[in-house]
There are 2 protein chains.
Amino acid sequence: MKRIEPTIKADEPPRAGEKILRVARDLFYRQGIRAVGVDEIVRRAGVTKPSLYRSFPSKDELAASYLRQYDLEFWARFDEAVAAHPGDPRAQIAAFLTRIGKRTQKPDYRGCGMTNAAVEYPEHGHPARVVSEANKQELRRRLRAMAATMGAGDADTLGDGLLLLIEGAYISGQLFGAGGPAKSVARNADLLIEASLKK
Amino acid sequence: MKRIEPTIKADEPPRAGEKILRVARDLFYRQGIRAVGVDEIVRRAGVTKPSLYRSFPSKDELAASYLRQYDLEFWARFDEAVAAHPGDPRAQIAAFLTRIGKRTQKPDYRGCGMTNAAVEYPEHGHPARVVSEANKQELRRRLRAMAATMGAGDADTLGDGLLLLIEGAYISGQLFGAGGPAKSVARNADLLIEASLKK
DNA sequence: AGGTATACGTACCGATCGGTAACATTGTCA
DNA sequence: TGACAATGTTACCGATCGGTACGTATACCT
């Protein structure tokens with residue numbers, strides 16, 4: 001039961017598995033995982049189906065690989081906001097949410113790949129869902145920790161409140177499009193923080 | 001292009017379309033729309049496939065019918081919370097969110113059928129998505145109106161903040177299960193309201 | 001040159017997808 | 001009795017689903 005995860009080597013012919021993951025990532029995010037067939041993936045990647053199944057054990061595992069990559073990029077964005085305001089969790093949250101708020105206003109915004117995957121696969125133990133759940137649990141942990149650092153009276157409640165706002169932004173971003181409620185996520189988060197600190 | 005919507009008559013033999021909608025509603029909500037085939041629906045409804053296509057033009061329209069029914073039940077719950085606290089929008093929100101918070105803690109909670117459908121069908125104009133978007137826009141309108149009645153400084157921002165919390169509760173409810181962040185949705189909403197009023 | 005391992009393509013699999021044509025059966029009401 | 005509406009029965013459609021058996025090309029090492 002080996003798991004093949006294509007590693008990216010510096011230039012020179014891109015491996016088939018690499019092209020597949022690249023295309024799958026794009027299609028899965030934009031259209032959803034269930035909506036995209038393996039045939040379409042290999043066709044647009046310019047490879048053939050056996051190549052997919054040599055690099056990935058199944059479509060479900062391909063989806064999981066897509067999410068693992070998504071996870072890395074997510075934390076890169078998150079840590080970027082954190083690094084921009086050392087020791088100031090409130091500013092870190094503001095930076096992160098301001099960026100999310102802007103992204104949600106873009107015309108083809110499709111929310112969070114993790115969140116969407118969890119909606120598509122409610123069954124516990126599904127490879128894609130496992131990755132998604134792990135990501136969200138870690139996010140919750142970090143938000144609560146930041147809330148504690150801020151000195152909130154009830155840090156766990158504030159951390160969870162921020163998580164609710166974030167998930168709400170992901171969803172309403174793709175539901176309402178530009179001009180939707182998600183554009184106020186940073187402002188609302190700051191109001192919530194303010195209310196949670198003075199107590 | 002006629003649209004057949006089965007009406008429920010008082011007792012006596014349940015029509016085929018009625019049984020189908022009943023089963024479809026259950027399966028679509030629990031497993032997702034894409035995950036459920038029409039064969040499974042008719043099998044569990046104890047009817048045959050032609051019966052389905054005599055009552056509904058397509059699977060997509062069956063999904064839309066499911067959501068139209070969901071819409072009715074949603075507003076029934078919403079209006080129940082409103083009616084329980086006449087003239088007191090803050091208490092109305094609290095009642096509605098307390099109820100949501102409790103529902104999200106149930107083991108097999110699957111979030112909001114509307115939200116989930118929008119995630120499953122990102123394509124604009126899809127029959128299911130159309131119903132979902134209409135529901136959410138109306139919800140946004142009402143939340144903003146309630147925020148205005150409360151006397152919030154920036155009513156639209158507060159209304160949108162409440163919507164973000166609600167959507168966040170729907171999603172994190174099915175992501176985290178019992179003990180997840182959704183259980184604090186009512187508390188966080190009240191904090192947000194409090195912060196938005198004193199300004 | 002020959003072996004060998006890696007990478008890839010051709011062609012195919014059974015199952016399921018949403019949807020339909022044609023006909024038989026039933027119950028109801030006039 | 002006869003007409004009608006609703007449903008069931010059976011069989012089928014082309015398309016797509018995820019997945020695989022098997023042969024071929026290329027490159028490297030000896």
# chains A, B, ... in the order shown; residues from 1 in each chain; ligands from 1
call {"tool": "interface_residues", "arguments": {"of": "chain B", "to": "chain A", "cutoff": "9 Å", "atoms": "only C-alpha atoms", "output": "number ranges by chain"}}
result
B: 30-32, 34-35, 110-111, 115-116, 118-123, 129, 132-133, 136-137, 140, 156-172, 174-176, 180-185, 187-189, 191-196
call {"tool": "calpha_fit_rmsd", "arguments": {"fixed": "chain B", "moving": "chain A"}}
result
0.1 Å
call {"tool": "interface_residues", "arguments": {"of": "chain A", "to": "chain C", "cutoff": "9 Å", "atoms": "only C-alpha atoms (C1' of nucleotides)", "output": "PyMOL selection string"}}
result
chain A and resi 15-16+47-48+50-51
call {"tool": "closest_atom_pairs", "arguments": {"of": "chain D", "to": "chain B", "cutoff": "9 Å", "atoms": "only C-alpha atoms (C1' of nucleotides)", "output": "Markdown table"}}
result
| residue | atom | partner | partner_atom | distance |
| --- | --- | --- | --- | --- |
| D:DA6 | C1' | B:Arg15 | CA | 8.8 |
| D:DT7 | C1' | B:Ser51 | CA | 7.1 |
| D:DG8 | C1' | B:Thr48 | CA | 7.2 |
| D:DT9 | C1' | B:Thr48 | CA | 8.9 |
call {"tool": "select_by_dssp", "arguments": {"residues": "chain B", "states": "helix (DSSP H, G or I)", "output": "PDB file with C-alpha atoms, in the first residue's frame"}}
result
ATOM      1  CA  ALA B  16     -45.627   8.367  -6.532  1.00  0.00           C
ATOM      2  CA  GLY B  17     -44.141  11.823  -6.957  1.00  0.00           C
ATOM      3  CA  GLU B  18     -44.735  12.408  -3.293  1.00  0.00           C
ATOM      4  CA  LYS B  19     -42.909   9.291  -2.199  1.00  0.00           C
ATOM      5  CA  ILE B  20     -40.061  10.125  -4.532  1.00  0.00           C
ATOM      6  CA  LEU B  21     -39.669  13.625  -3.176  1.00  0.00           C
ATOM      7  CA  ARG B  22     -39.753  12.295   0.344  1.00  0.00           C
ATOM      8  CA  VAL B  23     -36.977   9.803  -0.293  1.00  0.00           C
ATOM      9  CA  ALA B  24     -34.969  12.213  -2.421  1.00  0.00           C
ATOM     10  CA  ARG B  25     -35.120  14.827   0.268  1.00  0.00           C
ATOM     11  CA  ASP B  26     -33.666  12.426   2.813  1.00  0.00           C
ATOM     12  CA  LEU B  27     -30.924  11.067   0.562  1.00  0.00           C
ATOM     13  CA  PHE B  28     -29.966  14.405  -0.973  1.00  0.00           C
ATOM     14  CA  TYR B  29     -29.586  16.008   2.403  1.00  0.00           C
ATOM     15  CA  ARG B  30     -27.603  13.221   4.013  1.00  0.00           C
ATOM     16  CA  GLN B  31     -25.376  12.131   1.158  1.00  0.00           C
ATOM     17  CA  VAL B  38     -31.986   8.234  -9.561  1.00  0.00           C
ATOM     18  CA  ASP B  39     -32.016   4.439  -9.451  1.00  0.00           C
ATOM     19  CA  GLU B  40     -31.387   4.449  -5.731  1.00  0.00           C
ATOM     20  CA  ILE B  41     -34.129   7.000  -5.222  1.00  0.00           C
ATOM     21  CA  VAL B  42     -36.817   5.055  -7.062  1.00  0.00           C
ATOM     22  CA  ARG B  43     -35.707   1.794  -5.474  1.00  0.00           C
ATOM     23  CA  ARG B  44     -36.033   3.159  -1.949  1.00  0.00           C
ATOM     24  CA  ALA B  45     -39.265   4.922  -2.798  1.00  0.00           C
ATOM     25  CA  LYS B  49     -37.999   5.220 -12.929  1.00  0.00           C
ATOM     26  CA  PRO B  50     -40.673   6.307 -15.392  1.00  0.00           C
ATOM     27  CA  SER B  51     -42.724   7.439 -12.403  1.00  0.00           C
ATOM     28  CA  LEU B  52     -39.937   9.757 -11.427  1.00  0.00           C
ATOM     29  CA  TYR B  53     -39.739  11.281 -14.867  1.00  0.00           C
ATOM     30  CA  ARG B  54     -43.506  11.667 -15.028  1.00  0.00           C
ATOM     31  CA  SER B  55     -43.436  13.803 -11.890  1.00  0.00           C
ATOM     32  CA  LYS B  59     -32.912  14.912 -11.718  1.00  0.00           C
ATOM     33  CA  ASP B  60     -31.785  18.524 -11.539  1.00  0.00           C
ATOM     34  CA  GLU B  61     -35.388  19.649 -11.253  1.00  0.00           C
ATOM     35  CA  LEU B  62     -36.037  17.018  -8.612  1.00  0.00           C
ATOM     36  CA  ALA B  63     -33.133  18.502  -6.683  1.00  0.00           C
ATOM     37  CA  ALA B  64     -34.639  21.953  -7.139  1.00  0.00           C
ATOM     38  CA  SER B  65     -37.974  20.662  -5.820  1.00  0.00           C
ATOM     39  CA  TYR B  66     -36.203  19.226  -2.810  1.00  0.00           C
ATOM     40  CA  LEU B  67     -34.677  22.621  -2.138  1.00  0.00           C
ATOM     41  CA  ARG B  68     -37.971  24.438  -2.592  1.00  0.00           C
ATOM     42  CA  GLN B  69     -39.421  22.233   0.103  1.00  0.00           C
ATOM     43  CA  TYR B  70     -36.339  22.818   2.222  1.00  0.00           C
ATOM     44  CA  ASP B  71     -36.855  26.532   1.734  1.00  0.00           C
ATOM     45  CA  LEU B  72     -40.378  26.362   3.121  1.00  0.00           C
ATOM     46  CA  GLU B  73     -39.273  24.438   6.175  1.00  0.00           C
ATOM     47  CA  PHE B  74     -36.361  26.777   6.715  1.00  0.00           C
ATOM     48  CA  TRP B  75     -38.547  29.839   6.844  1.00  0.00           C
ATOM     49  CA  ALA B  76     -40.992  28.054   9.066  1.00  0.00           C
ATOM     50  CA  ARG B  77     -38.208  27.545  11.610  1.00  0.00           C
ATOM     51  CA  PHE B  78     -36.977  31.078  11.134  1.00  0.00           C
ATOM     52  CA  ASP B  79     -40.407  32.604  11.567  1.00  0.00           C
ATOM     53  CA  GLU B  80     -40.993  30.473  14.601  1.00  0.00           C
ATOM     54  CA  ALA B  81     -38.025  32.086  16.306  1.00  0.00           C
ATOM     55  CA  VAL B  82     -39.233  35.497  15.173  1.00  0.00           C
ATOM     56  CA  ALA B  83     -42.752  34.931  16.440  1.00  0.00           C
ATOM     57  CA  ALA B  84     -41.446  33.836  19.816  1.00  0.00           C
ATOM     58  CA  PRO B  89     -34.946  41.180  16.819  1.00  0.00           C
ATOM     59  CA  ARG B  90     -32.005  40.560  19.117  1.00  0.00           C
ATOM     60  CA  ALA B  91     -33.933  37.903  20.982  1.00  0.00           C
ATOM     61  CA  GLN B  92     -35.217  36.517  17.697  1.00  0.00           C
ATOM     62  CA  ILE B  93     -31.679  36.043  16.442  1.00  0.00           C
ATOM     63  CA  ALA B  94     -30.663  34.516  19.736  1.00  0.00           C
ATOM     64  CA  ALA B  95     -33.528  32.038  19.603  1.00  0.00           C
ATOM     65  CA  PHE B  96     -32.806  31.080  16.015  1.00  0.00           C
ATOM     66  CA  LEU B  97     -29.089  30.657  16.591  1.00  0.00           C
ATOM     67  CA  THR B  98     -29.493  28.767  19.821  1.00  0.00           C
ATOM     68  CA  ARG B  99     -31.566  26.283  17.919  1.00  0.00           C
ATOM     69  CA  ILE B 100     -29.009  26.029  15.135  1.00  0.00           C
ATOM     70  CA  GLY B 101     -26.237  25.604  17.681  1.00  0.00           C
ATOM     71  CA  LYS B 102     -28.074  22.680  19.204  1.00  0.00           C
ATOM     72  CA  ARG B 103     -28.798  21.039  15.880  1.00  0.00           C
ATOM     73  CA  GLY B 113     -29.136  21.742   2.348  1.00  0.00           C
ATOM     74  CA  MET B 114     -29.106  25.057   0.526  1.00  0.00           C
ATOM     75  CA  THR B 115     -25.492  25.776   1.311  1.00  0.00           C
ATOM     76  CA  ASN B 116     -24.416  22.264   0.426  1.00  0.00           C
ATOM     77  CA  ALA B 117     -26.243  22.381  -2.891  1.00  0.00           C
ATOM     78  CA  ALA B 118     -24.511  25.628  -3.822  1.00  0.00           C
ATOM     79  CA  VAL B 119     -21.153  24.020  -3.095  1.00  0.00           C
ATOM     80  CA  GLU B 120     -22.059  20.999  -5.186  1.00  0.00           C
ATOM     81  CA  PRO B 127     -31.830  24.756 -11.109  1.00  0.00           C
ATOM     82  CA  ALA B 128     -30.690  23.730  -7.643  1.00  0.00           C
ATOM     83  CA  ARG B 129     -28.342  26.652  -7.300  1.00  0.00           C
ATOM     84  CA  VAL B 130     -30.985  29.136  -8.341  1.00  0.00           C
ATOM     85  CA  VAL B 131     -33.199  28.075  -5.435  1.00  0.00           C
ATOM     86  CA  SER B 132     -30.269  28.131  -3.063  1.00  0.00           C
ATOM     87  CA  GLU B 133     -29.141  31.603  -4.061  1.00  0.00           C
ATOM     88  CA  ALA B 134     -32.627  33.006  -3.746  1.00  0.00           C
ATOM     89  CA  ASN B 135     -32.928  31.600  -0.243  1.00  0.00           C
ATOM     90  CA  LYS B 136     -29.620  33.071   0.847  1.00  0.00           C
ATOM     91  CA  GLN B 137     -30.332  36.476  -0.609  1.00  0.00           C
ATOM     92  CA  GLU B 138     -33.616  36.626   1.225  1.00  0.00           C
ATOM     93  CA  LEU B 139     -31.892  35.552   4.433  1.00  0.00           C
ATOM     94  CA  ARG B 140     -29.351  38.298   3.980  1.00  0.00           C
ATOM     95  CA  ARG B 141     -32.073  40.839   3.397  1.00  0.00           C
ATOM     96  CA  ARG B 142     -33.909  39.849   6.545  1.00  0.00           C
ATOM     97  CA  LEU B 143     -30.821  39.769   8.716  1.00  0.00           C
ATOM     98  CA  ARG B 144     -29.844  43.237   7.579  1.00  0.00           C
ATOM     99  CA  ALA B 145     -33.354  44.473   8.251  1.00  0.00           C
ATOM    100  CA  MET B 146     -33.260  43.003  11.740  1.00  0.00           C
ATOM    101  CA  ALA B 147     -29.889  44.605  12.372  1.00  0.00           C
ATOM    102  CA  ALA B 148     -31.362  47.934  11.339  1.00  0.00           C
ATOM    103  CA  THR B 149     -34.283  47.477  13.699  1.00  0.00           C
ATOM    104  CA  MET B 150     -31.830  46.790  16.509  1.00  0.00           C
ATOM    105  CA  ALA B 155     -26.730  47.634  10.074  1.00  0.00           C
ATOM    106  CA  ASP B 156     -25.594  46.089   6.809  1.00  0.00           C
ATOM    107  CA  THR B 157     -22.265  45.080   8.285  1.00  0.00           C
ATOM    108  CA  LEU B 158     -23.908  43.552  11.334  1.00  0.00           C
ATOM    109  CA  GLY B 159     -26.471  41.724   9.228  1.00  0.00           C
ATOM    110  CA  ASP B 160     -23.717  40.353   7.049  1.00  0.00           C
ATOM    111  CA  GLY B 161     -21.678  39.417  10.113  1.00  0.00           C
ATOM    112  CA  LEU B 162     -24.597  37.411  11.424  1.00  0.00           C
ATOM    113  CA  LEU B 163     -24.930  35.698   8.071  1.00  0.00           C
ATOM    114  CA  LEU B 164     -21.240  34.790   8.149  1.00  0.00           C
ATOM    115  CA  LEU B 165     -21.638  33.284  11.600  1.00  0.00           C
ATOM    116  CA  ILE B 166     -24.671  31.311  10.487  1.00  0.00           C
ATOM    117  CA  GLU B 167     -22.994  29.910   7.384  1.00  0.00           C
ATOM    118  CA  GLY B 168     -19.938  29.167   9.463  1.00  0.00           C
ATOM    119  CA  ALA B 169     -22.107  27.231  11.891  1.00  0.00           C
ATOM    120  CA  TYR B 170     -23.659  25.194   9.080  1.00  0.00           C
ATOM    121  CA  ILE B 171     -20.286  24.241   7.700  1.00  0.00           C
ATOM    122  CA  SER B 172     -18.301  23.704  10.870  1.00  0.00           C
ATOM    123  CA  GLY B 173     -21.231  21.783  12.294  1.00  0.00           C
ATOM    124  CA  GLN B 174     -20.767  19.081   9.708  1.00  0.00           C
ATOM    125  CA  LEU B 175     -16.995  19.381   9.731  1.00  0.00           C
ATOM    126  CA  PHE B 176     -16.319  19.065  13.431  1.00  0.00           C
ATOM    127  CA  PRO B 181     -17.146  25.637  17.014  1.00  0.00           C
ATOM    128  CA  ALA B 182     -20.770  25.802  15.898  1.00  0.00           C
ATOM    129  CA  LYS B 183     -21.996  25.345  19.435  1.00  0.00           C
ATOM    130  CA  SER B 184     -20.848  28.869  20.261  1.00  0.00           C
ATOM    131  CA  VAL B 185     -22.625  30.536  17.371  1.00  0.00           C
ATOM    132  CA  ALA B 186     -25.339  32.129  19.494  1.00  0.00           C
ATOM    133  CA  ARG B 187     -22.838  33.434  22.020  1.00  0.00           C
ATOM    134  CA  ASN B 188     -20.596  34.901  19.343  1.00  0.00           C
ATOM    135  CA  ALA B 189     -23.537  36.463  17.548  1.00  0.00           C
ATOM    136  CA  ASP B 190     -24.595  38.170  20.737  1.00  0.00           C
ATOM    137  CA  LEU B 191     -21.107  39.494  21.313  1.00  0.00           C
ATOM    138  CA  LEU B 192     -21.065  40.824  17.779  1.00  0.00           C
ATOM    139  CA  ILE B 193     -24.439  42.463  18.219  1.00  0.00           C
ATOM    140  CA  GLU B 194     -23.348  44.002  21.482  1.00  0.00           C
ATOM    141  CA  ALA B 195     -20.241  45.428  19.851  1.00  0.00           C
ATOM    142  CA  SER B 196     -22.223  46.759  16.896  1.00  0.00           C
ATOM    143  CA  LEU B 197     -24.837  48.537  19.004  1.00  0.00           C
TER     144      LEU B 197
END
call {"tool": "atom_distance", "arguments": {"atom1": "CA of Pro57 (chain A)", "atom2": "CA of Gly37 (chain A)"}}
result
15.2 Å
call {"tool": "atom_distance", "arguments": {"atom1": "CA of Ala178 (chain A)", "atom2": "CA of Cys112 (chain B)"}}
result
22.0 Å
call {"tool": "atom_distance", "arguments": {"atom1": "C1' of DC17 (chain D)", "atom2": "CA of Ser58 (chain A)"}}
result
12.9 Å
